[in-house]
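Colleague: Structure file my_file26.cif (mmCIF, C-alpha atoms) is given on the next line.
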```cif
data_input
#
loop_
_atom_site.label_atom_id
_atom_site.label_comp_id
_atom_site.auth_asym_id
_atom_site.auth_seq_id
_atom_site.Cartn_x
_atom_site.Cartn_y
_atom_site.Cartn_z
CA MET A 687 0.00 0.00 0.00
CA PRO A 688 1.53 3.37 -1.00
CA GLN A 689 2.82 5.73 1.64
CA TYR A 690 1.98 9.40 1.16
CA ALA A 691 3.26 12.63 2.61
CA ALA A 692 0.54 15.25 3.08
CA PHE A 693 1.55 18.89 3.30
CA LEU A 694 -1.30 20.97 4.64
CA ARG A 695 -1.29 24.63 3.67
CA ALA A 696 -1.36 27.26 6.43
CA ILE A 697 -1.87 24.92 9.37
CA ASN A 698 -0.87 26.58 12.64
CA VAL A 699 -0.71 29.99 11.00
CA GLY A 700 -2.88 32.79 12.32
CA LYS A 701 -6.20 31.51 13.69
CA ARG A 702 -5.84 28.12 12.02
CA ARG A 703 -4.29 26.41 15.05
CA VAL A 704 -4.69 22.65 15.09
CA LYS A 705 -2.96 20.20 17.38
CA MET A 706 -1.13 17.44 15.56
CA ASP A 707 -2.99 14.71 17.45
CA LYS A 708 -6.26 16.21 16.14
CA LEU A 709 -4.95 16.08 12.56
CA GLN A 710 -3.77 12.55 13.11
CA SER A 711 -7.20 11.50 14.39
CA ILE A 712 -8.92 13.10 11.37
CA PHE A 713 -6.73 11.03 9.06
CA VAL A 714 -7.28 7.84 11.08
CA ASP A 715 -11.05 8.46 11.15
CA SER A 716 -10.90 8.85 7.35
CA GLY A 717 -9.61 5.30 7.08
CA PHE A 718 -5.92 5.94 6.49
CA GLN A 719 -3.34 3.68 8.07
CA ASP A 720 -0.02 4.22 9.84
CA VAL A 721 -0.74 7.94 10.27
CA SER A 722 2.00 10.02 11.84
CA THR A 723 2.73 13.73 12.02
CA HIS A 724 6.01 15.55 11.63
CA ILE A 725 6.54 18.84 13.48
CA ALA A 726 3.58 21.10 14.15
CA SER A 727 3.17 22.57 10.69
CA GLY A 728 0.77 20.24 8.93
CA ASN A 729 3.07 17.46 7.72
CA LEU A 730 1.74 13.92 7.86
CA TRP A 731 2.67 10.45 6.67
CA PHE A 732 -0.01 7.85 5.97
CA HIS A 733 -0.78 4.78 3.89
CA SER A 734 -3.71 4.54 1.50
CA PRO A 735 -4.70 2.08 -1.22
CA ALA A 736 -6.19 4.95 -3.27
CA LYS A 737 -5.44 4.81 -6.98
CA SER A 738 -6.26 8.44 -7.79
CA VAL A 739 -4.24 11.16 -6.09
CA ILE A 740 -6.86 13.76 -7.04
CA LYS A 741 -9.67 11.76 -5.41
CA LEU A 742 -7.46 11.13 -2.38
CA ARG A 743 -6.71 14.85 -2.06
CA ASN A 744 -10.41 15.70 -2.38
CA GLN A 745 -11.26 13.12 0.30
CA ILE A 746 -8.69 14.58 2.70
CA GLU A 747 -9.71 18.19 2.04
CA GLN A 748 -13.38 17.33 2.65
CA ALA A 749 -12.55 15.48 5.89
CA LEU A 750 -10.50 18.46 7.10
CA LEU A 751 -13.28 20.90 6.19
CA ASP A 752 -15.87 18.78 8.01
CA ALA A 753 -13.69 18.39 11.13
CA LEU A 754 -12.12 21.85 11.32
CA GLY A 755 -14.71 24.10 9.73
CA PHE A 756 -12.28 25.67 7.25
CA GLU A 757 -10.70 24.65 3.97
CA VAL A 758 -7.20 23.21 4.06
CA GLU A 759 -5.44 22.91 0.72
CA THR A 760 -3.54 19.61 0.69
CA PHE A 761 -0.48 18.65 -1.34
CA LEU A 762 0.32 14.94 -1.63
CA ARG A 763 3.52 13.21 -2.65
CA THR A 764 4.50 9.56 -2.38
CA VAL A 765 7.62 8.66 -0.44
CA ARG A 766 9.37 7.92 -3.75
CA GLU A 767 8.36 11.34 -5.13
CA LEU A 768 9.54 13.07 -1.96
CA LYS A 769 12.93 11.37 -2.22
CA SER A 770 13.18 12.46 -5.86
CA ILE A 771 12.26 16.02 -4.92
CA TYR A 772 14.95 16.06 -2.25
CA ASP A 773 17.55 14.54 -4.58
CA ALA A 774 16.71 17.00 -7.39
CA ASN A 775 17.63 20.04 -5.25
CA PRO A 776 19.43 22.27 -7.77
CA PHE A 777 21.02 24.26 -4.94
CA ALA A 778 22.51 21.37 -2.93
CA ASN A 779 26.08 22.50 -3.71
CA ASP A 780 25.28 26.06 -2.61
CA MET A 781 24.07 24.68 0.73
CA LEU A 782 27.31 22.74 1.17
CA LYS A 783 29.44 25.80 0.41
CA ASP A 784 27.55 28.29 2.59
CA GLU A 785 25.62 27.41 5.75
CA LYS A 786 23.52 30.57 5.37
CA VAL A 787 21.97 29.28 2.15
CA HIS A 788 18.50 27.85 2.69
CA VAL A 789 16.36 26.06 0.15
CA HIS A 790 12.58 25.96 0.32
CA VAL A 791 10.50 23.67 -1.85
CA ILE A 792 7.26 25.20 -3.06
CA PHE A 793 4.63 22.59 -3.88
CA PHE A 794 2.04 23.21 -6.61
CA HIS A 795 -0.68 20.89 -7.89
CA ASP A 796 0.19 21.52 -11.54
CA LEU A 797 2.98 22.92 -13.67
CA LEU A 798 3.22 26.71 -13.59
CA PRO A 799 2.26 28.55 -16.78
CA LEU A 800 5.35 29.50 -18.76
CA SER A 801 4.66 33.24 -18.36
CA THR A 802 4.55 32.89 -14.57
CA TRP A 803 7.73 30.86 -14.52
CA GLU A 804 9.50 33.39 -16.74
CA ALA A 805 8.44 36.28 -14.47
CA LEU A 806 9.85 34.47 -11.43
CA ARG A 807 13.13 33.78 -13.22
CA ARG A 808 13.43 37.38 -14.46
CA ASN A 809 13.31 38.66 -10.89
CA GLN A 810 16.00 36.47 -9.37
CA THR A 811 18.60 38.30 -7.34
CA THR A 812 22.17 37.47 -6.42
CA THR A 813 20.92 35.91 -3.18
CA ASP A 814 17.50 34.63 -4.28
CA ARG A 815 17.39 32.06 -7.04
CA ILE A 816 14.49 29.93 -8.17
CA GLU A 817 14.33 26.76 -10.24
CA MET A 818 11.32 24.75 -11.33
CA VAL A 819 11.43 20.96 -11.43
CA GLY A 820 8.09 19.37 -12.25
CA THR A 821 5.36 20.71 -10.00
CA GLN A 822 7.85 22.03 -7.45
CA ALA A 823 9.83 25.24 -7.32
CA TYR A 824 13.10 25.38 -5.41
CA TRP A 825 13.71 28.76 -3.85
CA ARG A 826 17.28 29.45 -2.71
CA CYS A 827 17.67 32.33 -0.29
CA HIS A 828 20.56 33.59 1.79
CA GLY A 829 19.80 33.92 5.48
CA ARG A 830 16.30 33.73 6.88
CA MET A 831 13.43 33.66 4.45
CA THR A 832 11.94 36.71 6.20
CA ASP A 833 15.07 38.68 5.29
CA SER A 834 14.61 38.01 1.59
CA VAL A 835 13.40 40.77 -0.73
CA PHE A 836 12.46 38.36 -3.53
CA TRP A 837 8.73 38.10 -2.86
CA ASN A 838 8.41 41.86 -2.19
CA GLN A 839 9.60 42.95 -5.62
CA PRO A 840 6.89 44.86 -7.56
CA GLU A 841 6.74 42.45 -10.51
CA ILE A 842 6.66 39.41 -8.20
CA LYS A 843 3.81 40.95 -6.17
CA LYS A 844 1.77 41.23 -9.39
CA ILE A 845 2.07 37.51 -10.14
CA LYS A 846 -0.98 35.44 -9.29
CA LEU A 847 0.63 32.20 -8.17
CA PRO A 848 -1.60 29.14 -7.95
CA THR A 849 -2.28 27.87 -4.44
CA ASN A 850 0.86 26.37 -2.99
CA THR A 851 2.65 25.51 0.20
CA SER A 852 6.34 25.44 0.98
CA ARG A 853 8.68 23.54 3.24
CA ASN A 854 12.35 23.89 4.02
CA ILE A 855 14.29 21.16 2.23
CA GLU A 856 15.72 20.04 5.58
CA THR A 857 12.16 19.33 6.75
CA LEU A 858 11.74 17.08 3.72
CA LYS A 859 14.96 15.26 4.63
CA ARG A 860 13.78 14.71 8.20
CA MET A 861 10.43 13.42 6.92
CA ILE A 862 12.16 11.01 4.54
CA ASP A 863 14.40 9.79 7.35
CA ALA A 864 11.38 9.30 9.62
CA SER A 865 9.51 7.35 6.91
CA GLU A 866 12.45 4.98 6.54
CA LYS A 867 12.47 4.24 10.28
CA SER A 868 8.78 3.34 10.40
#
```
Can you present the structure in this file as structure tokens?
Modeller:
Amino acid sequence: MPQYAAFLRAINVGKRRVKMDKLQSIFVDSGFQDVSTHIASGNLWFHSPAKSVIKLRNQIEQALLDALGFEVETFLRTVRELKSIYDANPFANDMLKDEKVHVHVIFFHDLLPLSTWEALRRNQTTTDRIEMVGTQAYWRCHGRMTDSVFWNQPEIKKIKLPTNTSRNIETLKRMIDASEKS
């Protein structure tokens, strides 16, 4: 039975506070197996025999809406996909050379339109770089993400990005490591 990682958008941000044991129970009550959470930011592992990722995502989003009373956009990846995403990090060498380099993976449901991707690339800076691999974008920043000016640039602010969620690449590594121990 496939193992999935679920990345829940905007959990424990603002008024959307949810304890991880509550999320875990929602997934268990939805019939998923071997459910576990990883840090308090809406990251879960679970097993499901589902054949359609879209139907699985819809099922999870409906269960979360019913239980929590608000919509929670959900991004799913199999353990194999998550390993590939981690291994495809185009900025891995930068991270090795400079401990202040951080890479964040931005998850989308679909490929970005070419015009959106080109606008992101046009606005890269010497410290902020972005690469697209499949339905993920890798954002390389120097220092804390809150210190970055990338997302505050006028042209970037005009871009209407599709719904997404992001995680630090080190979080993905810890999740992969945890999945291998279970």
Colleague: Which of these, A:Asn779, A:Asn809, A:Ser738, A:Ser834, has the shortest distance to A:Pro688 once you count only C-alpha atoms?
Modeller: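 Once distances to A:Pro688 are computed over only C-alpha atoms, the minimum belongs to A:Ser738.
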Colleague: For the file shown, report as a PDB file with C-alpha atoms, in the coordinates of the input the outcome of the PyMOL selection byres ((chain A and resi 761) around 7) at residue level.
Modeller:
```
ATOM      1  CA  ALA A 692       0.540  15.250   3.080  1.00  0.00           C
ATOM      2  CA  PHE A 693       1.550  18.890   3.300  1.00  0.00           C
ATOM      3  CA  LEU A 694      -1.300  20.970   4.640  1.00  0.00           C
ATOM      4  CA  GLU A 759      -5.440  22.910   0.720  1.00  0.00           C
ATOM      5  CA  THR A 760      -3.540  19.610   0.690  1.00  0.00           C
ATOM      6  CA  LEU A 762       0.320  14.940  -1.630  1.00  0.00           C
ATOM      7  CA  ARG A 763       3.520  13.210  -2.650  1.00  0.00           C
ATOM      8  CA  PHE A 793       4.630  22.590  -3.880  1.00  0.00           C
ATOM      9  CA  HIS A 795      -0.680  20.890  -7.890  1.00  0.00           C
TER      10      HIS A 795
END
```
Colleague: Can you build me a table of stretch 817-868 of chain A residues sitting at most 12 Å from stretch 802-806 of chain A, with the closest atom pair per residue and its distance in Å to one decimal, using only C-alpha atoms, sorted by chain and residue number, as JSON lines?
Modeller:
```
{"residue": "A:Glu817", "atom": "CA", "partner": "A:Trp803", "partner_atom": "CA", "distance": 8.9}
{"residue": "A:Met818", "atom": "CA", "partner": "A:Trp803", "partner_atom": "CA", "distance": 7.8}
{"residue": "A:Val819", "atom": "CA", "partner": "A:Trp803", "partner_atom": "CA", "distance": 11.0}
{"residue": "A:Gly820", "atom": "CA", "partner": "A:Trp803", "partner_atom": "CA", "distance": 11.7}
{"residue": "A:Thr821", "atom": "CA", "partner": "A:Trp803", "partner_atom": "CA", "distance": 11.4}
{"residue": "A:Gln822", "atom": "CA", "partner": "A:Trp803", "partner_atom": "CA", "distance": 11.3}
{"residue": "A:Ala823", "atom": "CA", "partner": "A:Trp803", "partner_atom": "CA", "distance": 9.4}
{"residue": "A:Tyr824", "atom": "CA", "partner": "A:Leu806", "partner_atom": "CA", "distance": 11.4}
{"residue": "A:Trp825", "atom": "CA", "partner": "A:Leu806", "partner_atom": "CA", "distance": 10.2}
{"residue": "A:Phe836", "atom": "CA", "partner": "A:Leu806", "partner_atom": "CA", "distance": 9.2}
{"residue": "A:Trp837", "atom": "CA", "partner": "A:Leu806", "partner_atom": "CA", "distance": 9.4}
{"residue": "A:Asn838", "atom": "CA", "partner": "A:Leu806", "partner_atom": "CA", "distance": 11.9}
{"residue": "A:Gln839", "atom": "CA", "partner": "A:Leu806", "partner_atom": "CA", "distance": 10.3}
{"residue": "A:Pro840", "atom": "CA", "partner": "A:Ala805", "partner_atom": "CA", "distance": 11.1}
{"residue": "A:Glu841", "atom": "CA", "partner": "A:Ala805", "partner_atom": "CA", "distance": 7.5}
{"residue": "A:Ile842", "atom": "CA", "partner": "A:Leu806", "partner_atom": "CA", "distance": 6.7}
{"residue": "A:Lys843", "atom": "CA", "partner": "A:Leu806", "partner_atom": "CA", "distance": 10.3}
{"residue": "A:Lys844", "atom": "CA", "partner": "A:Ala805", "partner_atom": "CA", "distance": 9.7}
{"residue": "A:Ile845", "atom": "CA", "partner": "A:Thr802", "partner_atom": "CA", "distance": 6.9}
{"residue": "A:Lys846", "atom": "CA", "partner": "A:Thr802", "partner_atom": "CA", "distance": 8.1}
{"residue": "A:Leu847", "atom": "CA", "partner": "A:Thr802", "partner_atom": "CA", "distance": 7.5}
{"residue": "A:Pro848", "atom": "CA", "partner": "A:Thr802", "partner_atom": "CA", "distance": 9.8}
```
Colleague: Residues of the last selection are to be written out with C-alpha atoms, as an mmCIF file, in the coordinates of the input.
Modeller:
```
data_model
loop_
_atom_site.group_PDB
_atom_site.id
_atom_site.type_symbol
_atom_site.label_atom_id
_atom_site.label_comp_id
_atom_site.auth_asym_id
_atom_site.auth_seq_id
_atom_site.Cartn_x
_atom_site.Cartn_y
_atom_site.Cartn_z
ATOM 1 C CA GLU A 817 14.330 26.760 -10.240
ATOM 2 C CA MET A 818 11.320 24.750 -11.330
ATOM 3 C CA VAL A 819 11.430 20.960 -11.430
ATOM 4 C CA GLY A 820 8.090 19.370 -12.250
ATOM 5 C CA THR A 821 5.360 20.710 -10.000
ATOM 6 C CA GLN A 822 7.850 22.030 -7.450
ATOM 7 C CA ALA A 823 9.830 25.240 -7.320
ATOM 8 C CA TYR A 824 13.100 25.380 -5.410
ATOM 9 C CA TRP A 825 13.710 28.760 -3.850
ATOM 10 C CA PHE A 836 12.460 38.360 -3.530
ATOM 11 C CA TRP A 837 8.730 38.100 -2.860
ATOM 12 C CA ASN A 838 8.410 41.860 -2.190
ATOM 13 C CA GLN A 839 9.600 42.950 -5.620
ATOM 14 C CA PRO A 840 6.890 44.860 -7.560
ATOM 15 C CA GLU A 841 6.740 42.450 -10.510
ATOM 16 C CA ILE A 842 6.660 39.410 -8.200
ATOM 17 C CA LYS A 843 3.810 40.950 -6.170
ATOM 18 C CA LYS A 844 1.770 41.230 -9.390
ATOM 19 C CA ILE A 845 2.070 37.510 -10.140
ATOM 20 C CA LYS A 846 -0.980 35.440 -9.290
ATOM 21 C CA LEU A 847 0.630 32.200 -8.170
ATOM 22 C CA PRO A 848 -1.600 29.140 -7.950
#
```
Colleague: Edge lengths and centre in Å to one decimal, as lines of an AutoDock Vina configuration file, of the axis-aligned box that encloses all listed atoms of stretch 805-818 of chain A with 5 Å added on every side?
Modeller:
```
center_x = 15.3
center_y = 31.7
center_z = -8.8
size_x = 23.7
size_y = 23.9
size_z = 21.3
```
Colleague: Near A:Glu866, within 12 Å and counting only C-alpha atoms, which residues show up once chain neighbours fewer than 3 positions away are dropped, as a VMD selection string?
Modeller: chain A and resid 689 731 765 to 766 769 859 to 863
Colleague: Selection from above, C-alpha atoms, as a PDB file, keeping the file's coordinate frame, can you write it?
Modeller:
```
ATOM      1  CA  GLN A 689       2.820   5.730   1.640  1.00  0.00           C
ATOM      2  CA  TRP A 731       2.670  10.450   6.670  1.00  0.00           C
ATOM      3  CA  VAL A 765       7.620   8.660  -0.440  1.00  0.00           C
ATOM      4  CA  ARG A 766       9.370   7.920  -3.750  1.00  0.00           C
ATOM      5  CA  LYS A 769      12.930  11.370  -2.220  1.00  0.00           C
ATOM      6  CA  LYS A 859      14.960  15.260   4.630  1.00  0.00           C
ATOM      7  CA  ARG A 860      13.780  14.710   8.200  1.00  0.00           C
ATOM      8  CA  MET A 861      10.430  13.420   6.920  1.00  0.00           C
ATOM      9  CA  ILE A 862      12.160  11.010   4.540  1.00  0.00           C
ATOM     10  CA  ASP A 863      14.400   9.790   7.350  1.00  0.00           C
TER      11      ASP A 863
END
```
Colleague: Using all atoms listed in the file, can you tell me which of A:Val791, A:Asp833, A:Ser716, A:Val704 comes closest to A:Arg743?
Modeller: A:Ser716
Colleague: Name the residues captured by the PyMOL selection byres ((chain A and resi 780) around 12) when it is applied to the shown file; answer as a PyMOL selection string.
Modeller: chain A and resi 775-779+781-789+813-815+825-828
Colleague: Could you expand the PyMOL selection byres ((chain A and resi 710) around 12) into the explicit residues it covers here, written as a PyMOL selection string?
Modeller: chain A and resi 692+704-709+711-724+726+728-732+746+749-750+753
Colleague: My list of candidates is A:Thr812, A:Ser801, A:Ser727, A:Thr764. Which is closest to A:Ser865 when distances are computed with all atoms listed in the file?
Modeller: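 Smallest distance to A:Ser865 is found for A:Thr764.
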Colleague: Hey, can you check how far atom CA of A:Val699 sits from atom CA of A:Gln745?
Modeller: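 Between atom CA of A:Val699 and atom CA of A:Gln745 the gap is 22.6 Å.
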Colleague: Find the distance between atom CA of A:Gln748 and atom CA of A:Lys701 and write it in Å to one decimal.
Modeller: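 It comes out at 19.4 Å.
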Colleague: What does the structure give for the distance between atom CA of A:Leu798 and atom CA of A:Ile816, in Å to one decimal?
Modeller: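 Distance reported for this atom pair: 12.9 Å.
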Colleague: Compare A:Ile792, A:Leu797, A:Arg830, A:Leu742 by their minimum atom-to-atom distance to A:Leu858, counting all atoms listed in the file, and give me the closest one.
Modeller: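 Selected residue with least distance to A:Leu858: A:Ile792.
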Colleague: Between A:His790, A:Phe756, A:Gln810, A:Asp796, which residue has the minimum interatomic distance to A:Gly829, considering only C-alpha atoms?
Modeller: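 Of A:His790, A:Phe756, A:Gln810, A:Asp796, the one nearest A:Gly829, counting only C-alpha atoms, is A:His790.
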Colleague: Go through A:Ile697, A:Arg703, A:Asp773, A:Leu754 one by one, measure the shortest atom-to-atom distance of each to A:Glu856 using only C-alpha atoms, and give the residue with the smallest value.
Modeller: A:Asp773
